[in-house]
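This is start_17.json. It holds JSON, C-alpha atoms and all ligand atoms.
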```json
[["chain", "number", "residue", "atom", "x", "y", "z"],
["I", 1, "MET", "CA", 169.36, 111.47, 38.32],
["I", 2, "GLN", "CA", 171.35, 113.42, 40.92],
["I", 3, "TRP", "CA", 169.74, 116.61, 42.23],
["I", 4, "THR", "CA", 172.53, 118.85, 40.87],
["I", 5, "ASP", "CA", 172.08, 117.43, 37.36],
["I", 6, "LEU", "CA", 168.33, 117.71, 37.59],
["I", 7, "LYS", "CA", 168.39, 121.28, 38.90],
["I", 8, "ALA", "CA", 170.85, 122.37, 36.19],
["I", 9, "ARG", "CA", 168.43, 120.99, 33.59],
["I", 10, "LEU", "CA", 165.41, 122.57, 35.24],
["I", 11, "LEU", "CA", 167.13, 125.97, 35.55],
["I", 12, "SER", "CA", 168.08, 125.74, 31.91],
["I", 13, "ALA", "CA", 164.43, 125.01, 31.04],
["I", 14, "GLY", "CA", 163.44, 127.96, 33.27],
["I", 15, "SER", "CA", 159.67, 127.55, 33.35],
["I", 16, "ALA", "CA", 156.93, 125.08, 34.21],
["I", 17, "ARG", "CA", 153.22, 124.61, 33.69],
["I", 18, "ILE", "CA", 150.86, 123.61, 36.47],
["I", 19, "THR", "CA", 148.20, 120.98, 35.98],
["I", 20, "GLY", "CA", 145.89, 119.14, 38.38],
["I", 21, "GLU", "CA", 144.32, 120.72, 41.45],
["I", 22, "PRO", "CA", 144.07, 124.53, 41.84],
["I", 23, "ALA", "CA", 147.41, 125.88, 43.07],
["I", 24, "GLU", "CA", 146.76, 129.61, 43.54],
["I", 25, "GLN", "CA", 148.09, 129.66, 47.11],
["I", 26, "TYR", "CA", 151.46, 128.37, 45.86],
["I", 27, "ILE", "CA", 151.89, 131.01, 43.14],
["I", 28, "ALA", "CA", 153.97, 134.11, 43.91],
["I", 29, "ARG", "CA", 153.73, 137.28, 41.82],
["I", 30, "SER", "CA", 157.34, 138.40, 41.52],
["I", 31, "VAL", "CA", 158.47, 141.99, 41.10],
["I", 32, "ALA", "CA", 162.18, 141.13, 41.34],
["I", 33, "GLY", "CA", 164.46, 138.31, 40.29],
["I", 34, "PRO", "CA", 163.85, 135.85, 37.44],
["I", 35, "GLY", "CA", 160.20, 135.80, 36.40],
["I", 36, "ALA", "CA", 159.56, 139.38, 37.55],
["I", 37, "GLY", "CA", 156.43, 140.81, 36.03],
["I", 38, "GLY", "CA", 155.35, 137.52, 34.44],
["I", 39, "SER", "CA", 152.26, 135.45, 35.16],
["I", 40, "GLY", "CA", 153.66, 134.14, 38.42],
["I", 41, "VAL", "CA", 156.27, 131.79, 39.82],
["I", 42, "VAL", "CA", 156.19, 128.57, 41.84],
["I", 43, "PHE", "CA", 158.71, 126.81, 44.03],
["I", 44, "PHE", "CA", 159.00, 123.03, 43.70],
["I", 45, "ALA", "CA", 160.81, 121.17, 46.49],
["I", 46, "MET", "CA", 162.29, 117.70, 46.57],
["I", 47, "GLY", "CA", 163.38, 116.95, 50.14],
["I", 48, "SER", "CA", 165.46, 119.93, 51.31],
["I", 49, "HIS", "CA", 166.15, 121.04, 47.72],
["I", 50, "ARG", "CA", 164.12, 123.57, 45.79],
["I", 51, "VAL", "CA", 163.86, 125.24, 42.41],
["I", 52, "LYS", "CA", 161.82, 128.18, 41.23],
["I", 53, "PHE", "CA", 159.96, 128.28, 37.92],
["I", 54, "ALA", "CA", 158.25, 131.05, 36.00],
["I", 55, "LEU", "CA", 154.82, 129.80, 34.95],
["I", 56, "ASN", "CA", 154.42, 129.20, 31.24],
["I", 57, "PRO", "CA", 151.56, 127.11, 29.80],
["I", 58, "LEU", "CA", 153.85, 125.98, 26.93],
["I", 59, "SER", "CA", 156.70, 124.77, 29.15],
["I", 60, "ALA", "CA", 158.17, 121.29, 28.69],
["I", 61, "VAL", "CA", 158.21, 120.93, 32.50],
["I", 62, "GLU", "CA", 154.89, 119.84, 34.01],
["I", 63, "ILE", "CA", 154.06, 120.05, 37.69],
["I", 64, "ALA", "CA", 150.93, 118.05, 38.47],
["I", 65, "HIS", "CA", 149.41, 119.35, 41.71],
["I", 66, "ARG", "CA", 147.72, 116.51, 43.60],
["I", 67, "GLY", "CA", 146.32, 118.77, 46.34],
["I", 68, "ASN", "CA", 147.65, 120.28, 49.61],
["I", 69, "GLY", "CA", 150.94, 121.09, 47.88],
["I", 70, "VAL", "CA", 151.78, 117.47, 47.03],
["I", 71, "ALA", "CA", 153.03, 117.49, 43.44],
["I", 72, "ASP", "CA", 154.71, 115.37, 40.79],
["I", 73, "LEU", "CA", 157.14, 116.96, 38.37],
["I", 74, "TYR", "CA", 157.43, 115.44, 34.89],
["I", 75, "PHE", "CA", 160.50, 116.25, 32.83],
["I", 76, "GLU", "CA", 162.36, 114.43, 30.05],
["I", 77, "GLY", "CA", 160.47, 111.21, 30.74],
["I", 78, "THR", "CA", 161.21, 111.23, 34.48],
["I", 79, "LEU", "CA", 158.73, 111.64, 37.33],
["I", 80, "ILE", "CA", 160.03, 113.46, 40.40],
["I", 81, "PRO", "CA", 157.74, 113.41, 43.44],
["I", 82, "GLY", "CA", 157.84, 116.51, 45.62],
["I", 83, "ARG", "CA", 155.76, 119.41, 46.83],
["I", 84, "LEU", "CA", 154.92, 123.00, 46.06],
["I", 85, "LEU", "CA", 156.12, 125.52, 48.65],
["I", 86, "GLU", "CA", 153.93, 128.33, 49.87],
["I", 87, "PRO", "CA", 155.77, 131.60, 49.25],
["I", 88, "GLY", "CA", 156.27, 134.04, 52.14],
["I", 89, "CYS", "CA", 156.63, 137.41, 50.42],
["I", 90, "HIS", "CA", 158.29, 136.55, 47.09],
["I", 91, "CYS", "CA", 160.09, 133.44, 48.35],
["I", 92, "PRO", "CA", 159.46, 130.72, 50.96],
["I", 93, "ASP", "CA", 160.82, 131.28, 54.49],
["I", 94, "GLN", "CA", 161.54, 134.97, 53.96],
["I", 95, "ALA", "CA", 159.79, 138.28, 53.53],
["I", 96, "PHE", "CA", 161.85, 139.38, 50.52],
["I", 97, "ILE", "CA", 160.48, 142.81, 49.71],
["I", 98, "THR", "CA", 161.15, 145.10, 46.77],
["I", 99, "VAL", "CA", 160.82, 148.59, 48.21],
["I", 100, "THR", "CA", 160.68, 150.44, 44.89],
["I", 101, "GLY", "CA", 159.35, 148.38, 41.99],
["I", 102, "SER", "CA", 160.63, 150.64, 39.23],
["I", 103, "CYS", "CA", 164.06, 151.91, 38.23],
["I", 104, "ARG", "CA", 165.52, 154.93, 36.43],
["I", 105, "PHE", "CA", 168.44, 152.87, 35.13],
["I", 106, "HIS", "CA", 168.06, 150.53, 32.17],
["I", 107, "CYS", "CA", 170.18, 147.41, 32.58],
["I", 108, "ARG", "CA", 169.54, 145.57, 29.34],
["I", 109, "TYR", "CA", 168.49, 142.24, 30.89],
["I", 110, "CYS", "CA", 166.21, 143.66, 33.59],
["I", 111, "PRO", "CA", 162.39, 143.87, 33.23],
["I", 112, "VAL", "CA", 161.90, 146.10, 36.32],
["I", 113, "PRO", "CA", 162.07, 149.56, 34.59],
["I", 114, "LYS", "CA", 159.19, 148.57, 32.29],
["I", 115, "LEU", "CA", 157.04, 147.24, 35.14],
["I", 116, "GLY", "CA", 156.45, 150.79, 36.35],
["I", 117, "GLY", "CA", 155.87, 149.59, 39.91],
["I", 118, "LYS", "CA", 155.54, 152.08, 42.72],
["I", 119, "ARG", "CA", 157.43, 152.67, 45.94],
["I", 120, "LYS", "CA", 155.93, 150.94, 48.97],
["I", 121, "THR", "CA", 155.23, 152.91, 52.10],
["I", 122, "ILE", "CA", 156.71, 151.72, 55.38],
["I", 123, "GLU", "CA", 153.17, 150.85, 56.53],
["I", 124, "GLU", "CA", 152.65, 148.66, 53.44],
["I", 125, "ILE", "CA", 155.96, 146.90, 54.04],
["I", 126, "MET", "CA", 155.17, 146.22, 57.67],
["I", 127, "GLY", "CA", 151.74, 144.94, 56.67],
["I", 128, "MET", "CA", 153.36, 142.50, 54.21],
["I", 129, "ILE", "CA", 155.71, 141.21, 56.89],
["I", 130, "GLU", "CA", 152.91, 140.85, 59.42],
["I", 131, "SER", "CA", 150.93, 138.75, 56.93],
["I", 132, "VAL", "CA", 153.69, 136.10, 56.79],
["I", 133, "ARG", "CA", 155.39, 136.70, 60.15],
["I", 134, "ARG", "CA", 154.80, 133.18, 61.48],
["I", 135, "ARG", "CA", 156.23, 131.51, 58.37],
["I", 136, "ILE", "CA", 159.50, 133.40, 57.89],
["I", 137, "SER", "CA", 162.99, 133.28, 59.35],
["I", 138, "ALA", "CA", 164.45, 136.38, 57.69],
["I", 139, "ILE", "CA", 163.66, 139.73, 56.09],
["I", 140, "SER", "CA", 165.38, 140.66, 52.84],
["I", 141, "ILE", "CA", 165.13, 144.05, 51.20],
["I", 142, "THR", "CA", 165.89, 145.06, 47.64],
["I", 143, "SER", "CA", 164.94, 148.06, 45.54],
["I", 144, "GLY", "CA", 165.10, 149.72, 42.15],
["I", 145, "VAL", "CA", 166.21, 153.36, 41.97],
["I", 146, "LEU", "CA", 163.27, 155.76, 41.80],
["I", 147, "GLU", "CA", 165.14, 159.11, 41.66],
["I", 148, "THR", "CA", 168.80, 158.92, 42.61],
["I", 149, "ILE", "CA", 171.01, 156.27, 44.20],
["I", 150, "GLU", "CA", 171.44, 158.52, 47.26],
["I", 151, "GLU", "CA", 167.71, 159.18, 47.68],
["I", 152, "GLU", "CA", 166.91, 155.48, 47.34],
["I", 153, "GLU", "CA", 169.53, 154.54, 49.91],
["I", 154, "SER", "CA", 168.13, 157.05, 52.34],
["I", 155, "TYR", "CA", 164.57, 155.69, 51.96],
["I", 156, "VAL", "CA", 165.75, 152.08, 52.34],
["I", 157, "LEU", "CA", 167.59, 153.08, 55.54],
["I", 158, "GLU", "CA", 164.29, 154.43, 56.89],
["I", 159, "VAL", "CA", 162.61, 151.14, 55.98],
["I", 160, "VAL", "CA", 165.33, 149.10, 57.68],
["I", 161, "LYS", "CA", 165.07, 151.22, 60.86],
["I", 162, "SER", "CA", 161.39, 150.40, 61.05],
["I", 163, "LEU", "CA", 162.05, 146.63, 60.84],
["I", 164, "GLN", "CA", 164.38, 146.31, 63.80],
["I", 165, "ASP", "CA", 161.69, 145.24, 66.29],
["I", 166, "TYR", "CA", 161.00, 142.03, 64.37],
["I", 167, "ASP", "CA", 164.14, 140.42, 65.77],
["I", 168, "LEU", "CA", 164.81, 138.62, 62.48],
["I", 169, "PRO", "CA", 168.04, 138.70, 60.46],
["I", 170, "ILE", "CA", 167.87, 141.43, 57.81],
["I", 171, "GLY", "CA", 169.70, 141.27, 54.47],
["I", 172, "VAL", "CA", 169.84, 144.18, 52.03],
["I", 173, "SER", "CA", 170.63, 144.34, 48.34],
["I", 174, "ILE", "CA", 170.43, 147.79, 46.74],
["I", 175, "TYR", "CA", 172.54, 149.81, 44.35],
["I", 176, "PRO", "CA", 175.00, 151.32, 46.86],
["I", 177, "THR", "CA", 176.69, 154.62, 47.56],
["I", 178, "ASP", "CA", 180.20, 154.54, 49.04],
["I", 179, "GLN", "CA", 178.62, 154.83, 52.50],
["I", 180, "THR", "CA", 175.94, 152.15, 52.17],
["I", 181, "PRO", "CA", 177.84, 149.30, 53.91],
["I", 182, "ASP", "CA", 178.67, 151.47, 56.95],
["I", 183, "ARG", "CA", 175.13, 152.80, 57.19],
["I", 184, "LEU", "CA", 173.53, 149.36, 56.93],
["I", 185, "LYS", "CA", 175.94, 147.91, 59.45],
["I", 186, "ALA", "CA", 175.08, 150.69, 61.91],
["I", 187, "LEU", "CA", 171.41, 149.67, 61.64],
["I", 188, "GLY", "CA", 172.12, 146.03, 62.50],
["I", 189, "VAL", "CA", 171.79, 144.54, 59.00],
["I", 190, "VAL", "CA", 173.55, 141.15, 58.99],
["I", 191, "GLU", "CA", 174.15, 140.49, 55.28],
["I", 192, "VAL", "CA", 174.52, 142.56, 52.12],
["I", 193, "LYS", "CA", 174.48, 141.80, 48.41],
["I", 194, "PHE", "CA", 175.85, 144.29, 45.89],
["I", 195, "ASN", "CA", 175.68, 142.95, 42.39],
["I", 196, "ILE", "CA", 178.52, 143.22, 39.90],
["I", 197, "GLU", "CA", 176.11, 141.53, 37.46],
["I", 198, "ALA", "CA", 178.62, 140.78, 34.68],
["I", 199, "ALA", "CA", 181.85, 138.78, 34.67],
["I", 200, "THR", "CA", 183.93, 141.56, 33.07],
["I", 201, "PRO", "CA", 183.93, 145.38, 33.20],
["I", 202, "THR", "CA", 183.38, 145.54, 29.44],
["I", 203, "LEU", "CA", 180.24, 143.42, 29.63],
["I", 204, "PHE", "CA", 179.03, 145.40, 32.65],
["I", 205, "ALA", "CA", 179.45, 148.70, 30.78],
["I", 206, "LYS", "CA", 177.46, 147.29, 27.87],
["I", 207, "GLN", "CA", 174.67, 145.81, 30.00],
["I", 208, "CYS", "CA", 174.38, 148.43, 32.75],
["I", 209, "PRO", "CA", 174.93, 151.88, 31.24],
["I", 210, "GLY", "CA", 175.42, 154.63, 33.81],
["I", 211, "LEU", "CA", 176.47, 152.32, 36.66],
["I", 212, "ASP", "CA", 179.97, 152.02, 38.10],
["I", 213, "TYR", "CA", 181.74, 148.61, 38.20],
["I", 214, "THR", "CA", 184.84, 149.88, 40.04],
["I", 215, "GLN", "CA", 182.78, 151.49, 42.78],
["I", 216, "LEU", "CA", 180.80, 148.26, 43.28],
["I", 217, "TRP", "CA", 184.06, 146.39, 43.95],
["I", 218, "GLN", "CA", 185.16, 149.07, 46.44],
["I", 219, "VAL", "CA", 181.83, 148.82, 48.24],
["I", 220, "LEU", "CA", 182.06, 145.03, 48.31],
["I", 221, "ASP", "CA", 185.55, 145.18, 49.82],
["I", 222, "ARG", "CA", 184.37, 147.59, 52.51],
["I", 223, "SER", "CA", 181.41, 145.27, 53.17],
["I", 224, "VAL", "CA", 183.70, 142.31, 53.82],
["I", 225, "GLU", "CA", 185.64, 144.42, 56.36],
["I", 226, "LEU", "CA", 182.41, 145.28, 58.16],
["I", 227, "PHE", "CA", 180.18, 142.21, 57.80],
["I", 228, "GLY", "CA", 182.84, 139.50, 57.70],
["I", 229, "LYS", "CA", 183.14, 136.09, 56.14],
["I", 230, "ASN", "CA", 180.06, 134.46, 54.57],
["I", 231, "ARG", "CA", 178.00, 137.64, 54.93],
["I", 232, "VAL", "CA", 178.71, 139.46, 51.65],
["I", 233, "PHE", "CA", 177.30, 138.35, 48.29],
["I", 234, "SER", "CA", 177.27, 139.49, 44.67],
["I", 235, "ASN", "CA", 175.12, 138.36, 41.74],
["I", 236, "VAL", "CA", 176.86, 137.54, 38.47],
["I", 237, "ILE", "CA", 174.66, 136.58, 35.52],
["I", 238, "ILE", "CA", 175.69, 133.54, 33.50],
["I", 239, "GLY", "CA", 174.98, 134.11, 29.82],
["I", 240, "LEU", "CA", 175.77, 137.77, 29.07],
["I", 241, "GLY", "CA", 178.40, 136.80, 26.49],
["I", 242, "GLU", "CA", 181.25, 135.96, 28.88],
["I", 243, "THR", "CA", 183.54, 133.00, 28.21],
["I", 244, "ASP", "CA", 183.94, 130.21, 30.76],
["I", 245, "GLY", "CA", 187.47, 131.53, 31.41],
["I", 246, "GLU", "CA", 186.12, 135.03, 32.15],
["I", 247, "MET", "CA", 183.51, 133.59, 34.49],
["I", 248, "GLU", "CA", 186.15, 131.53, 36.27],
["I", 249, "ALA", "CA", 188.38, 134.61, 36.70],
["I", 250, "CYS", "CA", 185.43, 136.56, 38.11],
["I", 251, "ILE", "CA", 184.54, 133.78, 40.57],
["I", 252, "LYS", "CA", 188.18, 133.61, 41.69],
["I", 253, "ARG", "CA", 188.34, 137.37, 42.16],
["I", 254, "LEU", "CA", 185.12, 137.49, 44.20],
["I", 255, "THR", "CA", 185.99, 134.54, 46.44],
["I", 256, "SER", "CA", 189.57, 135.72, 46.98],
["I", 257, "HIS", "CA", 188.06, 139.02, 48.23],
["I", 258, "GLY", "CA", 185.81, 137.08, 50.69],
["I", 259, "ILE", "CA", 182.63, 137.56, 48.64],
["I", 260, "ILE", "CA", 180.23, 134.69, 47.89],
["I", 261, "PRO", "CA", 179.21, 134.77, 44.20],
["I", 262, "VAL", "CA", 175.53, 134.22, 43.40],
["I", 263, "LEU", "CA", 175.72, 132.77, 39.90],
["I", 264, "ARG", "CA", 172.42, 133.45, 38.22],
["I", 265, "PRO", "CA", 171.46, 131.84, 34.89],
["I", 266, "LEU", "CA", 170.28, 134.52, 32.46],
["I", 267, "ASN", "CA", 166.52, 134.84, 32.35],
["I", 268, "PRO", "CA", 165.92, 136.18, 28.84],
["I", 269, "ALA", "CA", 163.88, 139.35, 29.39],
["I", 270, "ALA", "CA", 163.76, 143.06, 28.52],
["I", 271, "GLU", "CA", 166.29, 143.78, 25.73],
["I", 272, "LEU", "CA", 167.70, 140.24, 25.97],
["I", 273, "THR", "CA", 164.39, 138.47, 25.36],
["I", 274, "ASP", "CA", 165.89, 136.61, 22.39],
["I", 275, "ALA", "CA", 169.12, 135.59, 24.15],
["I", 276, "PRO", "CA", 169.52, 131.87, 24.88],
["I", 277, "ARG", "CA", 169.36, 130.48, 28.40],
["I", 278, "PRO", "CA", 172.66, 128.91, 29.46],
["I", 279, "SER", "CA", 172.75, 125.16, 28.88],
["I", 280, "ALA", "CA", 172.58, 122.65, 31.72],
["I", 281, "GLU", "CA", 176.10, 121.48, 30.82],
["I", 282, "ARG", "CA", 177.48, 125.00, 31.18],
["I", 283, "LEU", "CA", 175.67, 125.57, 34.47],
["I", 284, "LYS", "CA", 177.14, 122.31, 35.81],
["I", 285, "LYS", "CA", 180.65, 123.21, 34.66],
["I", 286, "ILE", "CA", 180.48, 126.64, 36.31],
["I", 287, "PHE", "CA", 178.95, 125.07, 39.44],
["I", 288, "GLY", "CA", 182.07, 122.86, 39.68],
["I", 289, "ILE", "CA", 184.35, 125.93, 39.52],
["I", 290, "HIS", "CA", 182.17, 127.77, 42.04],
["I", 291, "GLU", "CA", 182.26, 124.83, 44.47],
["I", 292, "ARG", "CA", 186.03, 124.46, 44.16],
["I", 293, "GLU", "CA", 186.81, 128.17, 44.66],
["I", 294, "LEU", "CA", 184.48, 128.54, 47.65],
["I", 295, "ALA", "CA", 186.19, 125.55, 49.29],
["I", 296, "ARG", "CA", 189.65, 126.89, 48.46],
["I", 297, "THR", "CA", 188.88, 130.25, 50.08],
["I", 298, "GLY", "CA", 186.96, 128.83, 53.07],
["I", 299, "LEU", "CA", 183.60, 130.38, 52.18],
["I", 300, "ASP", "CA", 180.38, 128.51, 52.96],
["I", 301, "PRO", "CA", 176.99, 129.41, 51.41],
["I", 302, "ARG", "CA", 175.25, 127.20, 54.00],
["I", 303, "GLU", "CA", 175.89, 129.98, 56.51],
["I", 304, "ALA", "CA", 173.69, 132.46, 54.61],
["I", 305, "LEU", "CA", 170.74, 133.69, 56.67],
["I", 306, "THR", "CA", 168.99, 135.89, 54.12],
["I", 307, "MET", "CA", 168.44, 136.65, 50.42],
["I", 308, "CYS", "CA", 169.17, 134.38, 47.46],
["I", 309, "THR", "CA", 171.93, 132.17, 48.88],
["I", 310, "ASN", "CA", 169.60, 131.20, 51.72],
["I", 311, "CYS", "CA", 166.62, 130.77, 49.38],
["I", 312, "THR", "CA", 168.43, 128.78, 46.60],
["I", 313, "GLY", "CA", 165.39, 128.92, 44.27],
["I", 314, "CYS", "CA", 167.03, 130.43, 41.20],
["I", 315, "ASP", "CA", 170.63, 129.20, 41.25],
["I", 316, "LEU", "CA", 172.81, 126.18, 41.87],
["I", 317, "VAL", "CA", 174.26, 126.83, 45.34],
["I", 318, "PRO", "CA", 177.32, 124.82, 46.42],
["I", 319, "GLY", "CA", 176.76, 123.13, 49.78],
["I", 320, "ARG", "CA", 172.98, 123.40, 49.37],
["I", 321, "ASP", "CA", 172.34, 121.77, 45.97],
["M", 1, "LIG", "S1", 166.88, 132.89, 44.75],
["M", 1, "LIG", "FE1", 166.64, 135.09, 45.09],
["M", 1, "LIG", "S2", 165.55, 135.92, 43.29],
["M", 1, "LIG", "FE2", 165.31, 133.67, 43.32],
["M", 1, "LIG", "S3", 163.38, 133.34, 44.39],
["M", 1, "LIG", "FE3", 164.98, 133.14, 45.90],
["M", 1, "LIG", "S4", 165.18, 135.17, 46.77],
["M", 1, "LIG", "FE4", 164.04, 135.41, 44.86]]
```

Please render this file's structure as structure tokens.
Ligand code: SF4
Amino acid sequence: MQWTDLKARLLSAGSARITGEPAEQYIARSVAGPGAGGSGVVFFAMGSHRVKFALNPLSAVEIAHRGNGVADLYFEGTLIPGRLLEPGCHCPDQAFITVTGSCRFHCRYCPVPKLGGKRKTIEEIMGMIESVRRRISAISITSGVLETIEEEESYVLEVVKSLQDYDLPIGVSIYPTDQTPDRLKALGVVEVKFNIEAATPTLFAKQCPGLDYTQLWQVLDRSVELFGKNRVFSNVIIGLGETDGEMEACIKRLTSHGIIPVLRPLNPAAELTDAPRPSAERLKKIFGIHERELARTGLDPREALTMCTNCTGCDLVPGRD
């Protein structure tokens, strides 16, 4: 089976169970992204490819750990030899840090507001980076919104200022103000991700009450002016009720604006716990559109230095998968 087919099926399955040797050092406790707040996540790699799973003892996907990270994945009657990756902070190769692990907004699919996590101090963040410094090639920063969007931005800017001595590329994904791209650029941030989340404004309004779709597009456009080609990203969730045609139109709009879409299969959580995961067939179809539109607009996810497009754990990424 080709990797793209396999990964589409594994992403659609979404979880795995670990058997065999103890694997604690390979388990990350996520406070952001798919699997946030659950019983942990693991990254399975086959060659240069990888996929992230939430751990679930009832999963149809089994990863048998043979020791020292060597692992066999069993799925649909196929054995795939590979290895477990040791996470840095949250994901392998990066310190991907959630500054504030709670949020005053209530996007319907997002488990973060219920996690009630706290805001990390700058000392805590630097300690986390120090603990993985020799294993990472980038620092990525994300955050919920503790009080207001403006107050959160200002705290994240303080955090970013304190990270400049590491001499690593820094990527930032927060809910932005109009000034966020300019302020991050002035601090030397190399990549930004501002998430439009849903393929249409109607779906966005339903899923993310209180947030502003039009302003996100304006901020993304300003980001492309400042950060340039292959340096601006936006998450769009697959499976919020959009049609394939609506997803295609959204991908075309993002790429024609110079923005690389990060197409994230819905992880049923929070108010959408009972929603279905997108099928492998749908993920493959949308991957084909994504690949075609990136090529047509001259965008290349392989250039990404930080955040999800560099990590590739949770999505099918053209050029990498
Ligand atoms: S793709 Fe993004 S959300 Fe998923 S593990 Fe990697 S960095 Fe985290």

Pairwise distance, CA of Thr142 (chain I) with CA of Gln215 (chain I), equals 18.7 Å

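Of the residues listed (I:Thr98, I:Gln179, I:Thr121, I:Ser256), I:Thr98 shows the shortest atom-to-atom separation from Ile141 (chain I); distances use all atoms listed in the file.
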
Return as a VMD selection string the residues of protein, DNA or RNA that approach ligand LIG 1 (chain M) to within 7 Å, with all atoms listed in the file taken into account.
-> chain I and resid 32 to 34 52 90 to 91 96 307 to 309 311 to 315

Gap from CA of Thr19 (chain I) to CA of Cys110 (chain I) - Å, one decimal |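 CA of Thr19 (chain I) sits 29.1 Å away from CA of Cys110 (chain I).
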
With distances taken over only C-alpha atoms, which of I:Ala198, I:Leu168, I:Ala23, I:Ile136 is nearest to Asp212 (chain I)?
->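 Using only C-alpha atoms, the shortest distance to Asp212 (chain I) belongs to I:Ala198.
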
Among listed residues I:Leu220, I:Ile259, I:Ala8, I:Ile63, nearest Ile286 (chain I) (using only C-alpha atoms) = I:Ala8

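Counting only C-alpha atoms and comparing I:Gly288, I:Gly171, I:Gly82, I:Pro318, the residue that lies closest to Val262 (chain I) is I:Pro318.
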
How about completing region 247-258 of chain I with N, CA, C and O atoms and giving it to me as a PDB file, in the frame of the given file?
```pdb
ATOM      1  N   MET I 247     184.327 133.864  33.308  1.00  0.00           N
ATOM      2  CA  MET I 247     183.510 133.590  34.490  1.00  0.00           C
ATOM      3  C   MET I 247     184.370 132.998  35.609  1.00  0.00           C
ATOM      4  O   MET I 247     184.229 133.377  36.779  1.00  0.00           O
ATOM      5  N   GLU I 248     185.274 132.124  35.256  1.00  0.00           N
ATOM      6  CA  GLU I 248     186.150 131.530  36.270  1.00  0.00           C
ATOM      7  C   GLU I 248     187.003 132.622  36.943  1.00  0.00           C
ATOM      8  O   GLU I 248     187.146 132.646  38.166  1.00  0.00           O
ATOM      9  N   ALA I 249     187.556 133.532  36.130  1.00  0.00           N
ATOM     10  CA  ALA I 249     188.380 134.610  36.700  1.00  0.00           C
ATOM     11  C   ALA I 249     187.547 135.483  37.639  1.00  0.00           C
ATOM     12  O   ALA I 249     188.019 135.910  38.707  1.00  0.00           O
ATOM     13  N   CYS I 250     186.313 135.734  37.274  1.00  0.00           N
ATOM     14  CA  CYS I 250     185.430 136.560  38.110  1.00  0.00           C
ATOM     15  C   CYS I 250     185.113 135.846  39.434  1.00  0.00           C
ATOM     16  O   CYS I 250     185.151 136.452  40.507  1.00  0.00           O
ATOM     17  N   ILE I 251     184.823 134.552  39.350  1.00  0.00           N
ATOM     18  CA  ILE I 251     184.540 133.780  40.570  1.00  0.00           C
ATOM     19  C   ILE I 251     185.764 133.796  41.487  1.00  0.00           C
ATOM     20  O   ILE I 251     185.656 133.999  42.706  1.00  0.00           O
ATOM     21  N   LYS I 252     186.945 133.614  40.881  1.00  0.00           N
ATOM     22  CA  LYS I 252     188.180 133.610  41.690  1.00  0.00           C
ATOM     23  C   LYS I 252     188.385 134.975  42.343  1.00  0.00           C
ATOM     24  O   LYS I 252     188.808 135.059  43.490  1.00  0.00           O
ATOM     25  N   ARG I 253     188.127 136.036  41.598  1.00  0.00           N
ATOM     26  CA  ARG I 253     188.340 137.370  42.160  1.00  0.00           C
ATOM     27  C   ARG I 253     187.370 137.619  43.327  1.00  0.00           C
ATOM     28  O   ARG I 253     187.770 138.089  44.388  1.00  0.00           O
ATOM     29  N   LEU I 254     186.097 137.274  43.123  1.00  0.00           N
ATOM     30  CA  LEU I 254     185.120 137.490  44.200  1.00  0.00           C
ATOM     31  C   LEU I 254     185.485 136.673  45.442  1.00  0.00           C
ATOM     32  O   LEU I 254     185.546 137.205  46.551  1.00  0.00           O
ATOM     33  N   THR I 255     185.731 135.393  45.263  1.00  0.00           N
ATOM     34  CA  THR I 255     185.990 134.540  46.440  1.00  0.00           C
ATOM     35  C   THR I 255     187.292 134.945  47.125  1.00  0.00           C
ATOM     36  O   THR I 255     187.374 134.931  48.355  1.00  0.00           O
ATOM     37  N   SER I 256     188.308 135.341  46.347  1.00  0.00           N
ATOM     38  CA  SER I 256     189.570 135.720  46.980  1.00  0.00           C
ATOM     39  C   SER I 256     189.412 137.039  47.760  1.00  0.00           C
ATOM     40  O   SER I 256     190.192 137.334  48.656  1.00  0.00           O
ATOM     41  N   HIS I 257     188.356 137.806  47.453  1.00  0.00           N
ATOM     42  CA  HIS I 257     188.060 139.020  48.230  1.00  0.00           C
ATOM     43  C   HIS I 257     187.105 138.715  49.405  1.00  0.00           C
ATOM     44  O   HIS I 257     186.671 139.636  50.097  1.00  0.00           O
ATOM     45  N   GLY I 258     186.716 137.435  49.571  1.00  0.00           N
ATOM     46  CA  GLY I 258     185.810 137.080  50.690  1.00  0.00           C
ATOM     47  C   GLY I 258     184.343 137.261  50.365  1.00  0.00           C
ATOM     48  O   GLY I 258     183.506 137.313  51.265  1.00  0.00           O
TER      49      GLY I 258
END
```
